[in-house]
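Below you'll find the structure, written out as structure tokens, and then a few comments.
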Amino acid sequence: MDSMIIPLNGWAVGERVFRFHADTEFFHTFDNTEILDADVEAQVRVVKQGQRKVEVELALGGSLTVPCDRCLEPLQVPVKTRHAFSVRFDVPSGSDLSEDGKEILPLGSADADLDLQQAVYDYACLALPIQRVHPEGACNPDTVRFLCQEERKDEEAAPSSPFAALKGLFDSK
């Protein structure tokens, strides 16, 4: 696993670009057992604008493999996202942690490094869709067949509705 630490002290005002790789081991360090496999590249553009202000743009691209919500087989999901935030030193507690629509990451004056592991993890997980299913027909056929059987059993076991007789009442003849 790559270290995702950017040293902020010791370099002049200006822009730098860093690249990191997040693999399966990286996501497992966060105890995320839902991610079965990972291959995500992080490109970080850091603009130091003085001693107290740093702008960060984080771009993630790659793929994460998660269980399909329907059949539980592995599903590879593309990940592509971009986020910008600011780093500020000695932000007073209770201060607003956003500025111009950007999130502010507060650091203490003694912090000389910016650790991006949590940000890469969070933004990669947020890039996953809420519903994660294979395209129609790509799920494990045995599982789909089992689910269809269970669905039919549930329909048969359901008590008949007292309104079933009204079904079709207003259909045109």
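Identifiers for the structure tokens are assigned positionally: chains receive A, B, ... in sequence, residues are indexed from 1 per chain, and ligands are indexed from 1 in the order shown.
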Quick one: DSSP strand (DSSP E or B) residues in chain A, as a PDB file with N, CA and C atoms, in the first residue's frame?
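Final output, result-v7.pdb:
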```pdb
ATOM      1  N   ILE A   5       0.761  10.434   2.095  1.00  0.00           N
ATOM      2  CA  ILE A   5       1.093  11.602   2.902  1.00  0.00           C
ATOM      3  C   ILE A   5       1.815  12.619   2.037  1.00  0.00           C
ATOM      4  N   ILE A   6       1.339  13.852   2.095  1.00  0.00           N
ATOM      5  CA  ILE A   6       1.951  14.952   1.355  1.00  0.00           C
ATOM      6  C   ILE A   6       2.593  15.892   2.368  1.00  0.00           C
ATOM      7  N   PRO A   7       3.919  16.070   2.281  1.00  0.00           N
ATOM      8  CA  PRO A   7       4.587  16.997   3.198  1.00  0.00           C
ATOM      9  C   PRO A   7       4.283  18.442   2.780  1.00  0.00           C
ATOM     10  N   GLY A  14       3.212  27.444  -4.554  1.00  0.00           N
ATOM     11  CA  GLY A  14       3.092  26.955  -5.928  1.00  0.00           C
ATOM     12  C   GLY A  14       2.308  25.662  -5.979  1.00  0.00           C
ATOM     13  N   GLU A  15       2.344  25.025  -7.141  1.00  0.00           N
ATOM     14  CA  GLU A  15       1.536  23.835  -7.410  1.00  0.00           C
ATOM     15  C   GLU A  15       2.413  22.590  -7.544  1.00  0.00           C
ATOM     16  N   ARG A  16       1.901  21.500  -7.009  1.00  0.00           N
ATOM     17  CA  ARG A  16       2.543  20.187  -7.147  1.00  0.00           C
ATOM     18  C   ARG A  16       1.468  19.154  -7.427  1.00  0.00           C
ATOM     19  N   VAL A  17       1.851  18.082  -8.118  1.00  0.00           N
ATOM     20  CA  VAL A  17       0.922  16.995  -8.418  1.00  0.00           C
ATOM     21  C   VAL A  17       1.502  15.706  -7.850  1.00  0.00           C
ATOM     22  N   PHE A  18       0.654  14.945  -7.171  1.00  0.00           N
ATOM     23  CA  PHE A  18       1.039  13.674  -6.577  1.00  0.00           C
ATOM     24  C   PHE A  18       0.104  12.594  -7.101  1.00  0.00           C
ATOM     25  N   ARG A  19       0.626  11.365  -7.181  1.00  0.00           N
ATOM     26  CA  ARG A  19      -0.195  10.224  -7.610  1.00  0.00           C
ATOM     27  C   ARG A  19      -0.054   9.104  -6.585  1.00  0.00           C
ATOM     28  N   PHE A  20      -1.206   8.490  -6.279  1.00  0.00           N
ATOM     29  CA  PHE A  20      -1.239   7.381  -5.332  1.00  0.00           C
ATOM     30  C   PHE A  20      -2.105   6.268  -5.901  1.00  0.00           C
ATOM     31  N   HIS A  21      -1.901   5.066  -5.380  1.00  0.00           N
ATOM     32  CA  HIS A  21      -2.698   3.918  -5.804  1.00  0.00           C
ATOM     33  C   HIS A  21      -3.377   3.321  -4.574  1.00  0.00           C
ATOM     34  N   ALA A  22      -4.679   3.056  -4.691  1.00  0.00           N
ATOM     35  CA  ALA A  22      -5.442   2.413  -3.608  1.00  0.00           C
ATOM     36  C   ALA A  22      -5.876   1.039  -4.101  1.00  0.00           C
ATOM     37  N   ASP A  23      -5.373  -0.003  -3.455  1.00  0.00           N
ATOM     38  CA  ASP A  23      -5.706  -1.374  -3.858  1.00  0.00           C
ATOM     39  C   ASP A  23      -6.581  -2.027  -2.783  1.00  0.00           C
ATOM     40  N   ASP A  37     -12.310  -6.208  -4.221  1.00  0.00           N
ATOM     41  CA  ASP A  37     -11.097  -5.928  -4.980  1.00  0.00           C
ATOM     42  C   ASP A  37     -11.110  -4.445  -5.327  1.00  0.00           C
ATOM     43  N   ALA A  38      -9.922  -3.860  -5.492  1.00  0.00           N
ATOM     44  CA  ALA A  38      -9.853  -2.432  -5.781  1.00  0.00           C
ATOM     45  C   ALA A  38      -8.639  -2.123  -6.640  1.00  0.00           C
ATOM     46  N   ASP A  39      -8.830  -1.200  -7.539  1.00  0.00           N
ATOM     47  CA  ASP A  39      -7.752  -0.675  -8.372  1.00  0.00           C
ATOM     48  C   ASP A  39      -8.113   0.777  -8.680  1.00  0.00           C
ATOM     49  N   VAL A  40      -7.758   1.675  -7.765  1.00  0.00           N
ATOM     50  CA  VAL A  40      -8.128   3.075  -7.886  1.00  0.00           C
ATOM     51  C   VAL A  40      -6.861   3.927  -7.882  1.00  0.00           C
ATOM     52  N   GLU A  41      -6.765   4.803  -8.857  1.00  0.00           N
ATOM     53  CA  GLU A  41      -5.662   5.752  -8.933  1.00  0.00           C
ATOM     54  C   GLU A  41      -6.145   7.098  -8.426  1.00  0.00           C
ATOM     55  N   ALA A  42      -5.336   7.726  -7.592  1.00  0.00           N
ATOM     56  CA  ALA A  42      -5.651   9.054  -7.065  1.00  0.00           C
ATOM     57  C   ALA A  42      -4.614  10.037  -7.592  1.00  0.00           C
ATOM     58  N   GLN A  43      -5.108  11.088  -8.209  1.00  0.00           N
ATOM     59  CA  GLN A  43      -4.228  12.171  -8.630  1.00  0.00           C
ATOM     60  C   GLN A  43      -4.583  13.377  -7.785  1.00  0.00           C
ATOM     61  N   VAL A  44      -3.583  13.948  -7.137  1.00  0.00           N
ATOM     62  CA  VAL A  44      -3.807  15.041  -6.208  1.00  0.00           C
ATOM     63  C   VAL A  44      -3.032  16.266  -6.686  1.00  0.00           C
ATOM     64  N   ARG A  45      -3.761  17.332  -6.908  1.00  0.00           N
ATOM     65  CA  ARG A  45      -3.150  18.609  -7.280  1.00  0.00           C
ATOM     66  C   ARG A  45      -3.203  19.496  -6.040  1.00  0.00           C
ATOM     67  N   VAL A  46      -2.024  19.904  -5.571  1.00  0.00           N
ATOM     68  CA  VAL A  46      -1.920  20.699  -4.354  1.00  0.00           C
ATOM     69  C   VAL A  46      -1.343  22.062  -4.721  1.00  0.00           C
ATOM     70  N   VAL A  47      -2.048  23.111  -4.329  1.00  0.00           N
ATOM     71  CA  VAL A  47      -1.589  24.476  -4.577  1.00  0.00           C
ATOM     72  C   VAL A  47      -1.374  25.141  -3.227  1.00  0.00           C
ATOM     73  N   LYS A  48      -0.117  25.397  -2.926  1.00  0.00           N
ATOM     74  CA  LYS A  48       0.214  26.068  -1.663  1.00  0.00           C
ATOM     75  C   LYS A  48       0.152  27.568  -1.917  1.00  0.00           C
ATOM     76  N   LYS A  53      -2.589  28.478   3.991  1.00  0.00           N
ATOM     77  CA  LYS A  53      -3.662  28.070   3.092  1.00  0.00           C
ATOM     78  C   LYS A  53      -3.122  27.174   1.973  1.00  0.00           C
ATOM     79  N   VAL A  54      -3.810  26.018   1.817  1.00  0.00           N
ATOM     80  CA  VAL A  54      -3.456  25.065   0.777  1.00  0.00           C
ATOM     81  C   VAL A  54      -4.755  24.601   0.110  1.00  0.00           C
ATOM     82  N   GLU A  55      -4.800  24.623  -1.211  1.00  0.00           N
ATOM     83  CA  GLU A  55      -5.951  24.139  -1.970  1.00  0.00           C
ATOM     84  C   GLU A  55      -5.616  22.765  -2.522  1.00  0.00           C
ATOM     85  N   VAL A  56      -6.572  21.842  -2.433  1.00  0.00           N
ATOM     86  CA  VAL A  56      -6.344  20.461  -2.869  1.00  0.00           C
ATOM     87  C   VAL A  56      -7.462  20.055  -3.824  1.00  0.00           C
ATOM     88  N   GLU A  57      -7.067  19.446  -4.943  1.00  0.00           N
ATOM     89  CA  GLU A  57      -8.036  18.866  -5.868  1.00  0.00           C
ATOM     90  C   GLU A  57      -7.688  17.394  -6.003  1.00  0.00           C
ATOM     91  N   LEU A  58      -8.641  16.542  -5.652  1.00  0.00           N
ATOM     92  CA  LEU A  58      -8.444  15.096  -5.631  1.00  0.00           C
ATOM     93  C   LEU A  58      -9.294  14.464  -6.725  1.00  0.00           C
ATOM     94  N   ALA A  59      -8.642  13.760  -7.646  1.00  0.00           N
ATOM     95  CA  ALA A  59      -9.356  13.064  -8.725  1.00  0.00           C
ATOM     96  C   ALA A  59      -9.097  11.568  -8.573  1.00  0.00           C
ATOM     97  N   LEU A  60     -10.180  10.790  -8.554  1.00  0.00           N
ATOM     98  CA  LEU A  60     -10.075   9.341  -8.421  1.00  0.00           C
ATOM     99  C   LEU A  60     -10.609   8.678  -9.686  1.00  0.00           C
ATOM    100  N   GLY A  61      -9.928   7.630 -10.125  1.00  0.00           N
ATOM    101  CA  GLY A  61     -10.392   6.871 -11.278  1.00  0.00           C
ATOM    102  C   GLY A  61      -9.949   5.428 -11.145  1.00  0.00           C
ATOM    103  N   GLY A  62     -10.783   4.520 -11.584  1.00  0.00           N
ATOM    104  CA  GLY A  62     -10.446   3.106 -11.501  1.00  0.00           C
ATOM    105  C   GLY A  62     -11.693   2.280 -11.303  1.00  0.00           C
ATOM    106  N   SER A  63     -11.565   1.219 -10.508  1.00  0.00           N
ATOM    107  CA  SER A  63     -12.719   0.359 -10.273  1.00  0.00           C
ATOM    108  C   SER A  63     -12.659  -0.262  -8.886  1.00  0.00           C
ATOM    109  N   LEU A  64     -13.851  -0.545  -8.379  1.00  0.00           N
ATOM    110  CA  LEU A  64     -14.014  -1.270  -7.118  1.00  0.00           C
ATOM    111  C   LEU A  64     -14.905  -2.470  -7.404  1.00  0.00           C
ATOM    112  N   THR A  65     -14.580  -3.598  -6.806  1.00  0.00           N
ATOM    113  CA  THR A  65     -15.396  -4.792  -6.956  1.00  0.00           C
ATOM    114  C   THR A  65     -16.137  -5.030  -5.646  1.00  0.00           C
ATOM    115  N   VAL A  66     -17.468  -5.097  -5.762  1.00  0.00           N
ATOM    116  CA  VAL A  66     -18.351  -5.277  -4.605  1.00  0.00           C
ATOM    117  C   VAL A  66     -19.320  -6.409  -4.910  1.00  0.00           C
ATOM    118  N   PRO A  67     -19.989  -6.953  -3.892  1.00  0.00           N
ATOM    119  CA  PRO A  67     -21.004  -7.981  -4.169  1.00  0.00           C
ATOM    120  C   PRO A  67     -22.229  -7.355  -4.844  1.00  0.00           C
ATOM    121  N   PRO A  74     -19.402 -11.222  -7.436  1.00  0.00           N
ATOM    122  CA  PRO A  74     -18.604 -10.000  -7.585  1.00  0.00           C
ATOM    123  C   PRO A  74     -19.073  -9.148  -8.768  1.00  0.00           C
ATOM    124  N   LEU A  75     -19.101  -7.855  -8.536  1.00  0.00           N
ATOM    125  CA  LEU A  75     -19.512  -6.875  -9.538  1.00  0.00           C
ATOM    126  C   LEU A  75     -18.473  -5.768  -9.572  1.00  0.00           C
ATOM    127  N   GLN A  76     -17.869  -5.555 -10.727  1.00  0.00           N
ATOM    128  CA  GLN A  76     -16.874  -4.501 -10.869  1.00  0.00           C
ATOM    129  C   GLN A  76     -17.580  -3.198 -11.241  1.00  0.00           C
ATOM    130  N   VAL A  77     -17.363  -2.166 -10.416  1.00  0.00           N
ATOM    131  CA  VAL A  77     -18.026  -0.881 -10.597  1.00  0.00           C
ATOM    132  C   VAL A  77     -16.962   0.169 -10.924  1.00  0.00           C
ATOM    133  N   PRO A  78     -17.129   0.903 -12.042  1.00  0.00           N
ATOM    134  CA  PRO A  78     -16.166   1.960 -12.337  1.00  0.00           C
ATOM    135  C   PRO A  78     -16.302   3.113 -11.346  1.00  0.00           C
ATOM    136  N   VAL A  79     -15.170   3.702 -10.991  1.00  0.00           N
ATOM    137  CA  VAL A  79     -15.146   4.822 -10.059  1.00  0.00           C
ATOM    138  C   VAL A  79     -14.449   5.981 -10.760  1.00  0.00           C
ATOM    139  N   LYS A  80     -15.144   7.101 -10.827  1.00  0.00           N
ATOM    140  CA  LYS A  80     -14.547   8.313 -11.387  1.00  0.00           C
ATOM    141  C   LYS A  80     -15.183   9.495 -10.680  1.00  0.00           C
ATOM    142  N   THR A  81     -14.384  10.227  -9.927  1.00  0.00           N
ATOM    143  CA  THR A  81     -14.913  11.349  -9.158  1.00  0.00           C
ATOM    144  C   THR A  81     -13.819  12.386  -8.948  1.00  0.00           C
ATOM    145  N   ARG A  82     -14.245  13.588  -8.658  1.00  0.00           N
ATOM    146  CA  ARG A  82     -13.318  14.706  -8.435  1.00  0.00           C
ATOM    147  C   ARG A  82     -13.875  15.562  -7.298  1.00  0.00           C
ATOM    148  N   HIS A  83     -13.006  15.928  -6.357  1.00  0.00           N
ATOM    149  CA  HIS A  83     -13.411  16.758  -5.218  1.00  0.00           C
ATOM    150  C   HIS A  83     -12.322  17.781  -4.933  1.00  0.00           C
ATOM    151  N   ALA A  84     -12.741  18.957  -4.545  1.00  0.00           N
ATOM    152  CA  ALA A  84     -11.807  20.014  -4.166  1.00  0.00           C
ATOM    153  C   ALA A  84     -12.089  20.424  -2.728  1.00  0.00           C
ATOM    154  N   PHE A  85     -11.035  20.672  -1.982  1.00  0.00           N
ATOM    155  CA  PHE A  85     -11.183  21.157  -0.619  1.00  0.00           C
ATOM    156  C   PHE A  85      -9.980  22.004  -0.258  1.00  0.00           C
ATOM    157  N   SER A  86     -10.097  22.730   0.837  1.00  0.00           N
ATOM    158  CA  SER A  86      -9.034  23.607   1.303  1.00  0.00           C
ATOM    159  C   SER A  86      -8.480  23.074   2.610  1.00  0.00           C
ATOM    160  N   VAL A  87      -7.207  23.313   2.827  1.00  0.00           N
ATOM    161  CA  VAL A  87      -6.560  22.964   4.087  1.00  0.00           C
ATOM    162  C   VAL A  87      -6.211  24.275   4.773  1.00  0.00           C
ATOM    163  N   ARG A  88      -6.639  24.407   6.015  1.00  0.00           N
ATOM    164  CA  ARG A  88      -6.349  25.613   6.794  1.00  0.00           C
ATOM    165  C   ARG A  88      -5.700  25.203   8.106  1.00  0.00           C
ATOM    166  N   PHE A  89      -4.768  26.031   8.545  1.00  0.00           N
ATOM    167  CA  PHE A  89      -4.066  25.772   9.794  1.00  0.00           C
ATOM    168  C   PHE A  89      -4.666  26.617  10.912  1.00  0.00           C
ATOM    169  N   SER A  98     -16.614  25.338   5.750  1.00  0.00           N
ATOM    170  CA  SER A  98     -16.774  25.422   4.300  1.00  0.00           C
ATOM    171  C   SER A  98     -16.526  26.860   3.880  1.00  0.00           C
ATOM    172  N   GLU A  99     -16.052  26.993   2.651  1.00  0.00           N
ATOM    173  CA  GLU A  99     -15.739  28.318   2.125  1.00  0.00           C
ATOM    174  C   GLU A  99     -15.890  28.269   0.617  1.00  0.00           C
ATOM    175  N   LYS A 102     -16.514  24.961  -0.852  1.00  0.00           N
ATOM    176  CA  LYS A 102     -15.487  23.934  -0.645  1.00  0.00           C
ATOM    177  C   LYS A 102     -15.413  23.572   0.826  1.00  0.00           C
ATOM    178  N   GLU A 103     -15.171  22.311   1.055  1.00  0.00           N
ATOM    179  CA  GLU A 103     -14.967  21.815   2.409  1.00  0.00           C
ATOM    180  C   GLU A 103     -13.600  22.299   2.904  1.00  0.00           C
ATOM    181  N   ILE A 104     -13.510  22.589   4.189  1.00  0.00           N
ATOM    182  CA  ILE A 104     -12.230  22.981   4.784  1.00  0.00           C
ATOM    183  C   ILE A 104     -11.756  21.862   5.698  1.00  0.00           C
ATOM    184  N   LEU A 105     -10.528  21.428   5.495  1.00  0.00           N
ATOM    185  CA  LEU A 105      -9.907  20.424   6.354  1.00  0.00           C
ATOM    186  C   LEU A 105      -8.988  21.166   7.314  1.00  0.00           C
ATOM    187  N   PRO A 106      -9.321  21.207   8.602  1.00  0.00           N
ATOM    188  CA  PRO A 106      -8.479  21.945   9.552  1.00  0.00           C
ATOM    189  C   PRO A 106      -7.282  21.112  10.006  1.00  0.00           C
ATOM    190  N   LEU A 107      -6.127  21.747  10.095  1.00  0.00           N
ATOM    191  CA  LEU A 107      -4.916  21.121  10.636  1.00  0.00           C
ATOM    192  C   LEU A 107      -4.335  22.030  11.709  1.00  0.00           C
ATOM    193  N   ASP A 113       2.311  17.521   7.698  1.00  0.00           N
ATOM    194  CA  ASP A 113       1.959  16.602   6.620  1.00  0.00           C
ATOM    195  C   ASP A 113       0.447  16.526   6.466  1.00  0.00           C
ATOM    196  N   LEU A 114       0.036  16.290   5.231  1.00  0.00           N
ATOM    197  CA  LEU A 114      -1.373  16.098   4.911  1.00  0.00           C
ATOM    198  C   LEU A 114      -1.567  14.637   4.548  1.00  0.00           C
ATOM    199  N   ASP A 115      -2.297  13.907   5.388  1.00  0.00           N
ATOM    200  CA  ASP A 115      -2.568  12.491   5.157  1.00  0.00           C
ATOM    201  C   ASP A 115      -3.901  12.381   4.426  1.00  0.00           C
TER     202      ASP A 115
END
```
* To do: Calculate how many Å separate atom CA of Gln118 of chain A from atom CA of Phe27 of chain A, rounding to one decimal.
  =>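 About the pair atom CA of Gln118 of chain A and atom CA of Phe27 of chain A: they are 10.1 Å apart.
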* Have a look at atom CA of Gly108 of chain A and atom CA of Arg52 of chain A and let me know their distance in Å, one decimal. =>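 These two atoms are separated by 10.2 Å.
Residue nearest Asp31 of chain A, chosen from A:Tyr121, A:Glu73, A:Gln149, A:Val13 and counting only C-alpha atoms: A:Tyr121.
Every protein or nucleic acid residue with an atom no more than 6 Å from segment 128-140 of chain A, counting only C-alpha atoms and leaving out same-chain residues fewer than 2 positions away, appears here: Cys68, Asp69, Cys71, Cys125, Leu126, Asp142 and Thr143 of chain A.
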* **Which of segment 6-166 of chain A DSSP labels alpha helix (DSSP H), written as an MDAnalysis selection string** => chainID A and resid 24:28 117:126 141:157
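Proximity to Ala124 of chain A was assessed for A:Ala112, A:Leu72, A:Leu166, A:Ile35 counting only C-alpha atoms; the smallest distance is recorded for A:Ile35.
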